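Notes follow the structure.
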Amino acid sequence: MRSVLNVMAMDYYNVRRRALVLLLLSWLVIVPVSVIVYPAASAAIIPFGGILALLPPGIEDKNKLGRLYETLPMRRKDLICGRFLALWLVTLASSIAAYLIGMLALNLHVFAKLGIGSYAVIVRAQAHNRTVAYVCSRLFLLTCLIIGFLLLLSYLLERHRERVVIVTLLLIFLGIMLLFVPNSWFVRLIETLIRADNVLFLQDVVIYETVMYLLGTAALVLFGALTLVFTGRREWK
Amino acid sequence: MSGMILTLDKVCKSYRNFALRDVSFTLPRGYIMGFVGENGAGKTTTIRCILGSTRTESGSISVFGKDSRTEPVAVRSRIGAVYDTLMFAGHLRLSEVEAHLRRFYPEWDSRQFRTFADRFRLPEKTKCGKYSRGMQMKLMLSAALSHHAELLILDEPTAGLDPVARDELLEILSEYIAGGEGSVLFSTHITADVERIADYVTVLHKGRVWFTGAKDDLMEEYAVVQRGEPFPQPLRDACIGLHDTPSGCAAILPTDRLTELPKDAIFEPAKIEDLLVYLAKGGE
């Protein structure tokens, strides 16, 4: 565990300047939108938080840090575990921050103060439905799924990381194409997921949010385990 | 073998176009070993095997009496490594490099790191990617020496350095082994550095160990021989890298065969560079 934490600290020193710029830019846009226009918009900071976890592999490629890693007293699996744990932590922290900003925005009543009556109605509706928490939990799951998959892909294609973008775009294109095939397994799967999502949400909002966070965490554990299985014994690049 | 800090025994490793075959050598505690060979001879692959970052197919590697393949963390925490190019992210500053590394090494000595940084006049505020080649090498060396490493592994550290910086590096290595506890495995193309500082030499040629032992033995065992006429047939078979020159032919010959040389042949003790050149010209 100590080595995993060391990896996280090392990555922190490697990315902190870029991460700060990315976070500042995203927060500078998202927080005012959340406070003034739509409180649940604060959840948009969650994917930006997740993207931070993709910075270390990029810096590793650019600086050829594999040579450093092979001399440090750590194992390759420590690096992989550290990166997935960091992804989970930044996504969770962003999710908590998004929730707090959203709730603060709800309670500031900026819309009412600005005399925007229709927004005041939205705010009341959101307060009633726990919309902020709902959107945050859903984006936590989506971020874990998408960024976790991209992190897995970046290790699978470690020697050709530039291909990650191409493969991702191809998968998105394939997904969109499959949506247009009537009664395909993919369409049925999406419909089932949407139905399950609605049923769960209508039953109990708190359970729904808990399930979203657990599913997101489970997705990262799965992607991390797959990365370890497929690339854990590879030699450093 | 208790005095040996590093022992490789018949290590084999294959790639598609290259193979290390039965690489064996030992490095005693408190000495410097020059690790030389032509480009692609397998020096870096051997170093990676020692660090446990490359899986070997057969043979054994013992570092401090431990197997680096099964205990890489324990072994690497006692090794300092310096490569020919900067190992750290170029945007890091001196203090960040230290913060980066110190967590990994239980024996990390911040005061030692600062002492080296001051001695080498490493700029605090400059990003290490902007350092000169010599400065980058000194930074890596400072890092390698700041966790009380018992074995220093240097892979082409003097490549691209000016003579002053090379001289400084060799001086530091001499200081490092003066205590008698540390050892150095020093891979380089610049054989003059090996001749100046190494106690032992391992010559790698086409993935095999061609020679390993005391440096003086190597230089005593071989001689460069030249003759205006071709060498007689029995001697030709013993020649290494026999080739034609404008004034006749030249080769490397084991010194125990020098008595068989025709009287018109001339010879001189072989330098390590001669050995590498003649090996590259056709020695096996």
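Naming works like this for the structure tokens: A, B, ... for the chains as they're shown, residue 1 at the start of each chain, ligands 1 onward in shown order.
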
Residue hits in chain B, query chain A, radius 6 Å, only C-alpha atoms, as a ChimeraX atom specification: /B:53-54,73,76-77,87,89,100,103

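The neighbours of Val63 in chain B here are the residues that come within 10 Å of it, using only C-alpha atoms and leaving out any residue fewer than 3 positions away in the same chain; they are B:Met4, B:Ile5, B:Leu6, B:Thr7, B:Leu8, B:Thr26, B:Leu27, B:Ile50, B:Leu51, B:Lys66, B:Asp67, B:Ser68, B:Arg69, B:Glu71, B:Pro72, B:Ala74, B:Val75, B:Arg76, B:Arg78, B:Ile79, B:Leu151.
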
Expected file contents, prior selection, C-alpha atoms, as a PDB file, in the first residue's frame:
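The file below, part-v5.pdb, is the result:
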ATOM      1  CA  MET B   4      30.054 -10.229  -4.207  1.00  0.00           C
ATOM      2  CA  ILE B   5      27.484  -7.479  -4.451  1.00  0.00           C
ATOM      3  CA  LEU B   6      26.285  -8.613  -7.871  1.00  0.00           C
ATOM      4  CA  THR B   7      26.352 -12.053  -9.456  1.00  0.00           C
ATOM      5  CA  LEU B   8      24.918 -13.003 -12.823  1.00  0.00           C
ATOM      6  CA  THR B  26      30.452 -10.982 -10.670  1.00  0.00           C
ATOM      7  CA  LEU B  27      31.139  -7.623  -9.093  1.00  0.00           C
ATOM      8  CA  ILE B  50      19.711  -6.702 -12.951  1.00  0.00           C
ATOM      9  CA  LEU B  51      17.068  -4.159 -11.948  1.00  0.00           C
ATOM     10  CA  LYS B  66      18.644 -11.329  -3.245  1.00  0.00           C
ATOM     11  CA  ASP B  67      16.956 -12.222  -6.501  1.00  0.00           C
ATOM     12  CA  SER B  68      15.982  -8.955  -8.186  1.00  0.00           C
ATOM     13  CA  ARG B  69      13.257 -10.701 -10.161  1.00  0.00           C
ATOM     14  CA  GLU B  71      12.341  -9.062  -4.737  1.00  0.00           C
ATOM     15  CA  PRO B  72      12.630  -6.018  -6.997  1.00  0.00           C
ATOM     16  CA  ALA B  74      14.034  -4.621  -1.764  1.00  0.00           C
ATOM     17  CA  VAL B  75      16.819  -4.713  -4.351  1.00  0.00           C
ATOM     18  CA  ARG B  76      16.043  -1.415  -6.061  1.00  0.00           C
ATOM     19  CA  ARG B  78      19.541  -0.230  -2.395  1.00  0.00           C
ATOM     20  CA  ILE B  79      20.486   0.609  -6.002  1.00  0.00           C
ATOM     21  CA  LEU B 151      25.309  -0.348  -5.866  1.00  0.00           C
TER      22      LEU B 151
END

Looking only at strand (DSSP E) from DSSP on the backbone, list the matching residues of range 1-208 of chain B as a tab-separated table (two decimals) with N, CA, C and O atoms, in the first residue's frame.
chain	number	residue	atom	x	y	z
B	4	MET	N	30.61	-10.66	-2.93
B	4	MET	CA	30.05	-10.23	-4.21
B	4	MET	C	28.76	-9.46	-4.00
B	4	MET	O	27.84	-9.95	-3.35
B	5	ILE	N	28.71	-8.27	-4.57
B	5	ILE	CA	27.48	-7.48	-4.45
B	5	ILE	C	26.53	-7.83	-5.59
B	5	ILE	O	25.32	-7.69	-5.46
B	6	LEU	N	27.09	-8.30	-6.69
B	6	LEU	CA	26.28	-8.61	-7.87
B	6	LEU	C	26.82	-9.88	-8.54
B	6	LEU	O	28.03	-9.98	-8.79
B	7	THR	N	25.95	-10.82	-8.77
B	7	THR	CA	26.35	-12.05	-9.46
B	7	THR	C	25.33	-12.42	-10.52
B	7	THR	O	24.14	-12.57	-10.21
B	8	LEU	N	25.78	-12.52	-11.74
B	8	LEU	CA	24.92	-13.00	-12.82
B	8	LEU	C	25.45	-14.36	-13.25
B	8	LEU	O	26.66	-14.51	-13.46
B	9	ASP	N	24.55	-15.32	-13.39
B	9	ASP	CA	24.98	-16.66	-13.75
B	9	ASP	C	24.13	-17.18	-14.91
B	9	ASP	O	22.93	-17.46	-14.75
B	10	LYS	N	24.76	-17.25	-16.07
B	10	LYS	CA	24.13	-17.81	-17.28
B	10	LYS	C	22.77	-17.20	-17.58
B	10	LYS	O	21.78	-17.91	-17.81
B	11	VAL	N	22.70	-15.88	-17.55
B	11	VAL	CA	21.44	-15.19	-17.80
B	11	VAL	C	21.15	-15.17	-19.30
B	11	VAL	O	22.01	-14.81	-20.10
B	12	CYS	N	19.95	-15.57	-19.64
B	12	CYS	CA	19.52	-15.56	-21.04
B	12	CYS	C	18.24	-14.75	-21.19
B	12	CYS	O	17.36	-14.81	-20.33
B	13	LYS	N	18.18	-14.01	-22.26
B	13	LYS	CA	16.99	-13.22	-22.55
B	13	LYS	C	16.90	-13.01	-24.05
B	13	LYS	O	17.88	-12.58	-24.67
B	14	SER	N	15.76	-13.33	-24.64
B	14	SER	CA	15.65	-13.21	-26.10
B	14	SER	C	14.62	-12.16	-26.50
B	14	SER	O	13.56	-12.06	-25.88
B	19	ALA	N	19.53	-11.48	-28.67
B	19	ALA	CA	19.45	-12.36	-27.49
B	19	ALA	C	20.69	-12.19	-26.62
B	19	ALA	O	21.81	-12.05	-27.12
B	20	LEU	N	20.45	-12.18	-25.32
B	20	LEU	CA	21.54	-12.27	-24.35
B	20	LEU	C	21.73	-13.75	-24.10
B	20	LEU	O	20.75	-14.46	-23.82
B	21	ARG	N	22.97	-14.22	-24.19
B	21	ARG	CA	23.18	-15.67	-24.03
B	21	ARG	C	24.21	-15.94	-22.95
B	21	ARG	O	25.35	-15.49	-23.05
B	22	ASP	N	23.79	-16.64	-21.94
B	22	ASP	CA	24.69	-17.11	-20.88
B	22	ASP	C	25.58	-15.99	-20.32
B	22	ASP	O	26.79	-16.15	-20.22
B	23	VAL	N	24.96	-14.90	-19.99
B	23	VAL	CA	25.74	-13.77	-19.45
B	23	VAL	C	26.06	-14.06	-17.98
B	23	VAL	O	25.16	-14.24	-17.15
B	24	SER	N	27.34	-14.13	-17.68
B	24	SER	CA	27.78	-14.41	-16.31
B	24	SER	C	28.91	-13.47	-15.94
B	24	SER	O	29.86	-13.30	-16.73
B	25	PHE	N	28.81	-12.82	-14.83
B	25	PHE	CA	29.93	-12.08	-14.26
B	25	PHE	C	29.62	-11.75	-12.80
B	25	PHE	O	28.47	-11.89	-12.37
B	26	THR	N	30.65	-11.35	-12.08
B	26	THR	CA	30.45	-10.98	-10.67
B	26	THR	C	31.13	-9.64	-10.41
B	26	THR	O	32.13	-9.31	-11.06
B	27	LEU	N	30.55	-8.91	-9.49
B	27	LEU	CA	31.14	-7.62	-9.09
B	27	LEU	C	31.35	-7.64	-7.58
B	27	LEU	O	30.38	-7.72	-6.82
B	28	PRO	N	32.60	-7.57	-7.13
B	28	PRO	CA	32.83	-7.56	-5.68
B	28	PRO	C	32.47	-6.22	-5.05
B	28	PRO	O	32.44	-5.19	-5.73
B	32	ILE	N	34.79	-0.88	-8.89
B	32	ILE	CA	34.09	-0.36	-10.07
B	32	ILE	C	34.30	-1.32	-11.23
B	32	ILE	O	35.43	-1.73	-11.49
B	33	MET	N	33.20	-1.67	-11.88
B	33	MET	CA	33.30	-2.53	-13.05
B	33	MET	C	32.89	-1.75	-14.29
B	33	MET	O	31.80	-1.18	-14.34
B	34	GLY	N	33.78	-1.68	-15.27
B	34	GLY	CA	33.42	-1.10	-16.56
B	34	GLY	C	32.66	-2.13	-17.36
B	34	GLY	O	33.06	-3.30	-17.42
B	35	PHE	N	31.55	-1.71	-17.94
B	35	PHE	CA	30.70	-2.64	-18.68
B	35	PHE	C	30.67	-2.13	-20.11
B	35	PHE	O	30.00	-1.13	-20.40
B	36	VAL	N	31.45	-2.76	-20.99
B	36	VAL	CA	31.63	-2.19	-22.33
B	36	VAL	C	31.18	-3.16	-23.40
B	36	VAL	O	31.09	-4.37	-23.17
B	37	GLY	N	30.93	-2.61	-24.54
B	37	GLY	CA	30.50	-3.43	-25.68
B	37	GLY	C	29.99	-2.50	-26.76
B	37	GLY	O	29.67	-1.33	-26.48
B	58	SER	N	16.30	-17.68	-18.44
B	58	SER	CA	16.99	-18.66	-17.60
B	58	SER	C	18.18	-17.97	-16.94
B	58	SER	O	18.50	-16.83	-17.24
B	59	GLY	N	18.81	-18.70	-16.05
B	59	GLY	CA	19.94	-18.14	-15.31
B	59	GLY	C	19.48	-17.47	-14.03
B	59	GLY	O	18.28	-17.41	-13.75
B	60	SER	N	20.45	-17.00	-13.28
B	60	SER	CA	20.08	-16.36	-12.00
B	60	SER	C	20.83	-15.04	-11.84
B	60	SER	O	21.93	-14.86	-12.37
B	61	ILE	N	20.18	-14.14	-11.12
B	61	ILE	CA	20.78	-12.83	-10.84
B	61	ILE	C	20.67	-12.60	-9.34
B	61	ILE	O	19.56	-12.66	-8.78
B	62	SER	N	21.79	-12.38	-8.71
B	62	SER	CA	21.77	-12.13	-7.27
B	62	SER	C	22.36	-10.75	-7.01
B	62	SER	O	23.48	-10.45	-7.42
B	63	VAL	N	21.55	-9.89	-6.38
B	63	VAL	CA	22.02	-8.55	-6.01
B	63	VAL	C	21.89	-8.44	-4.50
B	63	VAL	O	20.79	-8.64	-3.96
B	66	LYS	N	20.08	-11.17	-2.98
B	66	LYS	CA	18.64	-11.33	-3.25
B	66	LYS	C	18.43	-11.46	-4.75
B	66	LYS	O	19.23	-10.96	-5.55
B	67	ASP	N	17.32	-12.08	-5.10
B	67	ASP	CA	16.96	-12.22	-6.50
B	67	ASP	C	16.13	-11.00	-6.91
B	67	ASP	O	15.03	-10.79	-6.38
B	79	ILE	N	19.75	0.32	-4.76
B	79	ILE	CA	20.49	0.61	-6.00
B	79	ILE	C	20.23	2.06	-6.41
B	79	ILE	O	19.12	2.55	-6.33
B	80	GLY	N	21.27	2.73	-6.86
B	80	GLY	CA	21.11	4.05	-7.47
B	80	GLY	C	21.40	3.90	-8.95
B	80	GLY	O	22.40	3.30	-9.32
B	81	ALA	N	20.49	4.40	-9.78
B	81	ALA	CA	20.68	4.23	-11.23
B	81	ALA	C	20.76	5.58	-11.92
B	81	ALA	O	20.03	6.51	-11.56
B	82	VAL	N	21.66	5.67	-12.87
B	82	VAL	CA	21.79	6.89	-13.68
B	82	VAL	C	21.82	6.46	-15.14
B	82	VAL	O	22.60	5.59	-15.52
B	151	LEU	N	24.87	-0.04	-4.50
B	151	LEU	CA	25.31	-0.35	-5.87
B	151	LEU	C	24.84	0.77	-6.79
B	151	LEU	O	23.65	1.10	-6.81
B	152	LEU	N	25.79	1.36	-7.49
B	152	LEU	CA	25.43	2.38	-8.48
B	152	LEU	C	25.49	1.73	-9.86
B	152	LEU	O	26.48	1.08	-10.19
B	153	ILE	N	24.42	1.91	-10.61
B	153	ILE	CA	24.41	1.40	-11.98
B	153	ILE	C	24.32	2.60	-12.91
B	153	ILE	O	23.36	3.37	-12.84
B	154	LEU	N	25.32	2.76	-13.73
B	154	LEU	CA	25.36	3.90	-14.63
B	154	LEU	C	25.36	3.41	-16.06
B	154	LEU	O	26.25	2.64	-16.45
B	155	ASP	N	24.35	3.82	-16.81
B	155	ASP	CA	24.23	3.39	-18.20
B	155	ASP	C	24.58	4.57	-19.11
B	155	ASP	O	23.78	5.48	-19.29
B	183	SER	N	29.60	-0.25	-4.66
B	183	SER	CA	30.19	-0.74	-5.91
B	183	SER	C	29.52	-0.02	-7.07
B	183	SER	O	28.41	0.50	-6.92
B	184	VAL	N	30.21	-0.03	-8.20
B	184	VAL	CA	29.67	0.69	-9.38
B	184	VAL	C	29.74	-0.22	-10.60
B	184	VAL	O	30.78	-0.83	-10.86
B	185	LEU	N	28.64	-0.31	-11.30
B	185	LEU	CA	28.62	-0.96	-12.62
B	185	LEU	C	28.45	0.16	-13.63
B	185	LEU	O	27.44	0.86	-13.63
B	186	PHE	N	29.47	0.34	-14.46
B	186	PHE	CA	29.60	1.55	-15.25
B	186	PHE	C	29.61	1.19	-16.73
B	186	PHE	O	30.63	0.77	-17.27
B	187	SER	N	28.44	1.30	-17.36
B	187	SER	CA	28.36	0.97	-18.78
B	187	SER	C	28.72	2.21	-19.60
B	187	SER	O	28.19	3.30	-19.35
B	200	TYR	N	37.52	-3.68	-12.58
B	200	TYR	CA	37.12	-4.87	-13.34
B	200	TYR	C	36.48	-4.43	-14.65
B	200	TYR	O	35.94	-3.33	-14.75
B	201	VAL	N	36.50	-5.31	-15.60
B	201	VAL	CA	35.88	-5.02	-16.89
B	201	VAL	C	35.08	-6.24	-17.35
B	201	VAL	O	35.55	-7.37	-17.20
B	202	THR	N	33.90	-5.97	-17.86
B	202	THR	CA	33.16	-7.02	-18.56
B	202	THR	C	32.92	-6.53	-19.98
B	202	THR	O	32.39	-5.44	-20.17
B	203	VAL	N	33.36	-7.31	-20.93
B	203	VAL	CA	33.17	-6.94	-22.34
B	203	VAL	C	32.05	-7.80	-22.89
B	203	VAL	O	32.13	-9.04	-22.85
B	204	LEU	N	31.02	-7.13	-23.36
B	204	LEU	CA	29.88	-7.84	-23.93
B	204	LEU	C	29.96	-7.72	-25.45
B	204	LEU	O	30.19	-6.63	-25.98
B	205	HIS	N	29.79	-8.83	-26.13
B	205	HIS	CA	29.87	-8.80	-27.60
B	205	HIS	C	28.77	-9.69	-28.17
B	205	HIS	O	28.72	-10.88	-27.86
B	208	ARG	N	26.88	-11.87	-25.73
B	208	ARG	CA	27.63	-12.82	-24.89
B	208	ARG	C	28.75	-12.10	-24.16
B	208	ARG	O	29.25	-11.08	-24.65

Which residues, written as a CSV table (one decimal) with C-alpha atoms, in the first residue's frame, have at least one atom at most 9 Å from Arg114 in chain B, with only C-alpha atoms counted and residues fewer than 5 positions away on the same chain left out?
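This is the output file out35.csv:
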chain,number,residue,atom,x,y,z
B,109,ASP,CA,18.9,11.6,3.1
B,119,ARG,CA,28.3,21.1,-4.8
B,142,SER,CA,22.7,13.4,-6.7
B,146,SER,CA,21.1,10.4,-1.7

Long-range neighbours of Asp167 in chain B as a VMD selection string, 10 Å cut-off, only C-alpha atoms, 5 positions minimum in chain: chain B and resid 158 161 to 162 172 to 173 193

Taking the backbone alone, and naming residues the way the document does, which bits of chain A are alpha helix (DSSP H) by DSSP, as a compact mmCIF listing (two decimals) with C-alpha atoms, in the first residue's frame?
# COMPACT_ATOMS: atom_id res chain seq x y z
CA ARG A 2 2.89 2.32 0.77
CA SER A 3 4.19 2.00 -2.80
CA VAL A 4 0.71 2.74 -4.17
CA LEU A 5 0.58 5.95 -2.11
CA ASN A 6 4.10 6.82 -3.27
CA VAL A 7 2.98 6.46 -6.87
CA MET A 8 0.04 8.77 -6.20
CA ALA A 9 2.33 11.35 -4.60
CA MET A 10 4.75 11.10 -7.53
CA ASP A 11 1.93 11.60 -10.03
CA TYR A 12 0.69 14.54 -8.00
CA TYR A 13 4.05 16.29 -8.33
CA ASN A 14 4.12 15.49 -12.02
CA VAL A 15 0.68 16.84 -12.88
CA ARG A 16 -0.12 19.43 -10.26
CA ARG A 17 0.52 22.52 -12.40
CA ARG A 18 -1.45 21.26 -15.37
CA ALA A 19 -4.16 19.95 -13.06
CA LEU A 20 -4.46 23.32 -11.38
CA VAL A 21 -4.90 25.09 -14.72
CA LEU A 22 -7.51 22.56 -15.88
CA LEU A 23 -9.40 22.74 -12.59
CA LEU A 24 -9.31 26.54 -12.45
CA LEU A 25 -10.58 26.87 -16.01
CA SER A 26 -13.39 24.36 -15.51
CA TRP A 27 -14.43 25.75 -12.13
CA LEU A 28 -14.31 29.36 -13.40
CA VAL A 29 -16.97 28.48 -15.96
CA ILE A 30 -19.01 25.87 -14.13
CA VAL A 31 -19.36 27.39 -10.66
CA PRO A 32 -20.90 30.71 -11.84
CA ILE A 45 -16.87 19.55 -12.59
CA ILE A 46 -16.92 15.77 -11.97
CA PRO A 47 -15.73 14.66 -15.44
CA PHE A 48 -13.10 17.39 -15.38
CA GLY A 49 -11.86 15.93 -12.09
CA GLY A 50 -11.77 12.47 -13.67
CA ILE A 51 -9.81 13.74 -16.67
CA LEU A 52 -7.00 14.72 -14.27
CA LEU A 55 -2.71 13.29 -17.22
CA PRO A 56 -0.01 11.05 -15.64
CA PRO A 57 0.13 8.51 -18.50
CA GLY A 58 0.49 11.41 -20.94
CA ILE A 59 3.34 12.94 -18.94
CA GLU A 60 4.89 9.47 -18.63
CA ASP A 61 4.92 9.13 -22.43
CA LYS A 62 6.21 12.61 -23.09
CA ASN A 63 9.10 12.32 -20.61
CA GLY A 66 9.39 4.24 -17.87
CA ARG A 67 13.15 4.44 -17.37
CA LEU A 68 12.63 6.09 -13.99
CA TYR A 69 9.91 3.67 -12.95
CA ARG A 76 4.25 -2.18 -11.98
CA LYS A 77 1.05 -3.25 -10.27
CA ASP A 78 1.60 -0.49 -7.67
CA LEU A 79 1.60 2.06 -10.48
CA ILE A 80 -1.62 0.69 -12.00
CA CYS A 81 -3.37 0.46 -8.61
CA GLY A 82 -2.19 3.98 -7.72
CA ARG A 83 -3.57 5.43 -10.93
CA PHE A 84 -7.00 3.78 -10.56
CA LEU A 85 -7.18 4.71 -6.89
CA ALA A 86 -6.29 8.30 -7.80
CA LEU A 87 -9.05 8.31 -10.43
CA TRP A 88 -11.56 7.11 -7.85
CA LEU A 89 -10.43 9.68 -5.30
CA VAL A 90 -10.46 12.71 -7.62
CA THR A 91 -13.83 11.69 -9.05
CA LEU A 92 -15.27 11.21 -5.58
CA ALA A 93 -13.78 14.48 -4.33
CA SER A 94 -15.11 16.30 -7.40
CA SER A 95 -18.49 14.72 -6.81
CA ILE A 96 -18.58 15.91 -3.20
CA ALA A 97 -17.42 19.39 -4.26
CA ALA A 98 -20.06 19.47 -7.00
CA TYR A 99 -22.75 18.50 -4.51
CA LEU A 100 -21.67 21.18 -2.03
CA ILE A 101 -21.48 23.87 -4.73
CA GLY A 102 -24.87 22.81 -6.08
CA MET A 103 -26.50 22.90 -2.64
CA LEU A 104 -24.88 26.25 -1.92
CA ALA A 105 -26.24 27.56 -5.22
CA LEU A 106 -29.70 26.27 -4.31
CA ASN A 107 -29.63 27.99 -0.96
CA LEU A 108 -28.22 31.28 -2.20
CA VAL A 110 -29.48 34.06 -6.65
CA PHE A 111 -32.28 33.58 -9.18
CA ALA A 112 -34.86 35.07 -6.90
CA LYS A 113 -32.53 37.95 -6.03
CA GLY A 117 -39.05 33.98 -11.32
CA SER A 118 -39.03 30.93 -13.57
CA TYR A 119 -35.63 29.88 -12.18
CA ALA A 120 -36.99 30.18 -8.66
CA VAL A 121 -39.53 27.51 -9.61
CA ILE A 122 -36.75 25.27 -10.90
CA VAL A 123 -34.80 25.77 -7.70
CA ARG A 124 -37.76 24.71 -5.59
CA ALA A 125 -38.29 21.65 -7.78
CA GLN A 126 -34.64 20.73 -7.50
CA ALA A 127 -34.69 21.08 -3.73
CA HIS A 128 -37.68 18.79 -3.61
CA ASN A 129 -36.28 16.11 -5.88
CA THR A 131 -31.76 16.84 -8.27
CA VAL A 132 -28.24 18.02 -7.43
CA ALA A 133 -27.38 14.82 -5.59
CA TYR A 134 -29.04 12.79 -8.34
CA VAL A 135 -27.06 14.44 -11.14
CA CYS A 136 -23.82 14.22 -9.14
CA SER A 137 -24.22 10.51 -8.45
CA ARG A 138 -25.10 9.80 -12.07
CA LEU A 139 -22.11 11.76 -13.39
CA PHE A 140 -19.87 10.01 -10.86
CA LEU A 141 -20.90 6.68 -12.40
CA LEU A 142 -20.49 7.93 -15.97
CA THR A 143 -17.09 9.44 -15.22
CA CYS A 144 -15.90 6.22 -13.58
CA LEU A 145 -17.14 4.22 -16.57
CA ILE A 146 -15.70 6.45 -19.29
CA ILE A 147 -12.42 7.59 -17.71
CA GLY A 148 -11.83 4.16 -16.16
CA PHE A 149 -12.28 2.56 -19.59
CA LEU A 150 -9.95 5.13 -21.17
CA LEU A 151 -7.33 4.43 -18.49
CA LEU A 152 -7.65 0.70 -19.18
CA LEU A 153 -7.33 1.41 -22.90
CA SER A 154 -4.28 3.60 -22.36
CA TYR A 155 -2.51 0.66 -20.68
CA LEU A 156 -3.68 -1.88 -23.24
CA ARG A 163 -4.23 5.29 -30.77
CA VAL A 164 -6.42 5.57 -27.66
CA VAL A 165 -8.26 8.52 -29.21
CA ILE A 166 -8.77 6.67 -32.50
CA VAL A 167 -10.04 3.52 -30.77
CA THR A 168 -12.36 5.58 -28.54
CA LEU A 169 -13.81 7.45 -31.52
CA LEU A 170 -14.32 4.15 -33.36
CA LEU A 171 -16.12 2.67 -30.34
CA ILE A 172 -18.37 5.75 -30.06
CA PHE A 173 -19.11 5.56 -33.79
CA LEU A 174 -19.89 1.85 -33.46
CA GLY A 175 -22.18 2.54 -30.49
CA ILE A 176 -24.08 5.21 -32.43
CA MET A 177 -24.42 2.91 -35.43
CA LEU A 178 -25.75 0.12 -33.21
CA LEU A 179 -28.39 2.48 -31.82
CA TRP A 185 -29.09 -6.36 -28.59
CA PHE A 186 -27.44 -2.99 -28.03
CA VAL A 187 -30.70 -1.05 -28.27
CA ARG A 188 -32.43 -3.56 -25.98
CA LEU A 189 -29.56 -3.28 -23.48
CA ILE A 190 -29.79 0.53 -23.46
CA GLU A 191 -33.58 0.40 -23.03
CA THR A 192 -33.24 -2.07 -20.14
CA LEU A 193 -30.67 0.13 -18.45
CA ILE A 194 -32.86 3.23 -18.80
CA ARG A 195 -35.88 1.34 -17.42
CA ALA A 196 -33.87 0.02 -14.46
CA ASP A 197 -32.54 3.50 -13.83
CA ASN A 198 -36.06 4.98 -13.74
CA VAL A 199 -37.46 2.22 -11.54
CA LEU A 200 -34.63 2.53 -9.07
CA PHE A 201 -34.86 6.31 -8.99
CA LEU A 202 -38.62 6.28 -8.38
CA GLN A 203 -38.31 3.73 -5.55
CA VAL A 205 -33.60 8.50 -4.22
CA VAL A 206 -31.07 7.75 -1.48
CA ILE A 207 -30.76 4.09 -2.53
CA TYR A 208 -30.47 5.24 -6.15
CA GLU A 209 -27.56 7.55 -5.31
CA THR A 210 -25.86 4.89 -3.21
CA VAL A 211 -26.19 2.36 -6.04
CA MET A 212 -24.71 4.88 -8.51
CA TYR A 213 -21.65 5.44 -6.29
CA LEU A 214 -21.22 1.72 -5.68
CA LEU A 215 -21.55 0.93 -9.39
CA GLY A 216 -18.98 3.59 -10.26
CA THR A 217 -16.57 2.19 -7.69
CA ALA A 218 -17.19 -1.37 -8.89
CA ALA A 219 -16.54 -0.28 -12.49
CA LEU A 220 -13.16 1.13 -11.51
CA VAL A 221 -12.29 -2.01 -9.56
CA LEU A 222 -13.20 -4.07 -12.63
CA PHE A 223 -11.20 -1.89 -15.05
CA GLY A 224 -8.26 -1.83 -12.63
CA ALA A 225 -8.36 -5.62 -12.29
CA LEU A 226 -8.53 -6.03 -16.08
CA THR A 227 -5.57 -3.68 -16.48
CA LEU A 228 -3.59 -5.72 -13.96
CA VAL A 229 -4.51 -9.01 -15.62
CA PHE A 230 -3.67 -7.88 -19.16
CA THR A 231 -0.75 -5.54 -18.56

One-decimal distance in Å that lies between CA of Trp108 in chain B and CA of Met1 in chain A: 18.9 Å

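Nearest to Leu261 in chain B of all the residues B:Val277, B:Val225, B:Ala144, B:Val209 is B:Val225, counting only C-alpha atoms.
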
Just want the 8 Å neighbourhood of Ala214 in chain B, counted on only C-alpha atoms, with same-chain residues fewer than 2 positions away dropped. Output as a list in words. Asp199, Tyr200, Val201, Thr212, Asp216, Asp217 and Leu218 of chain B
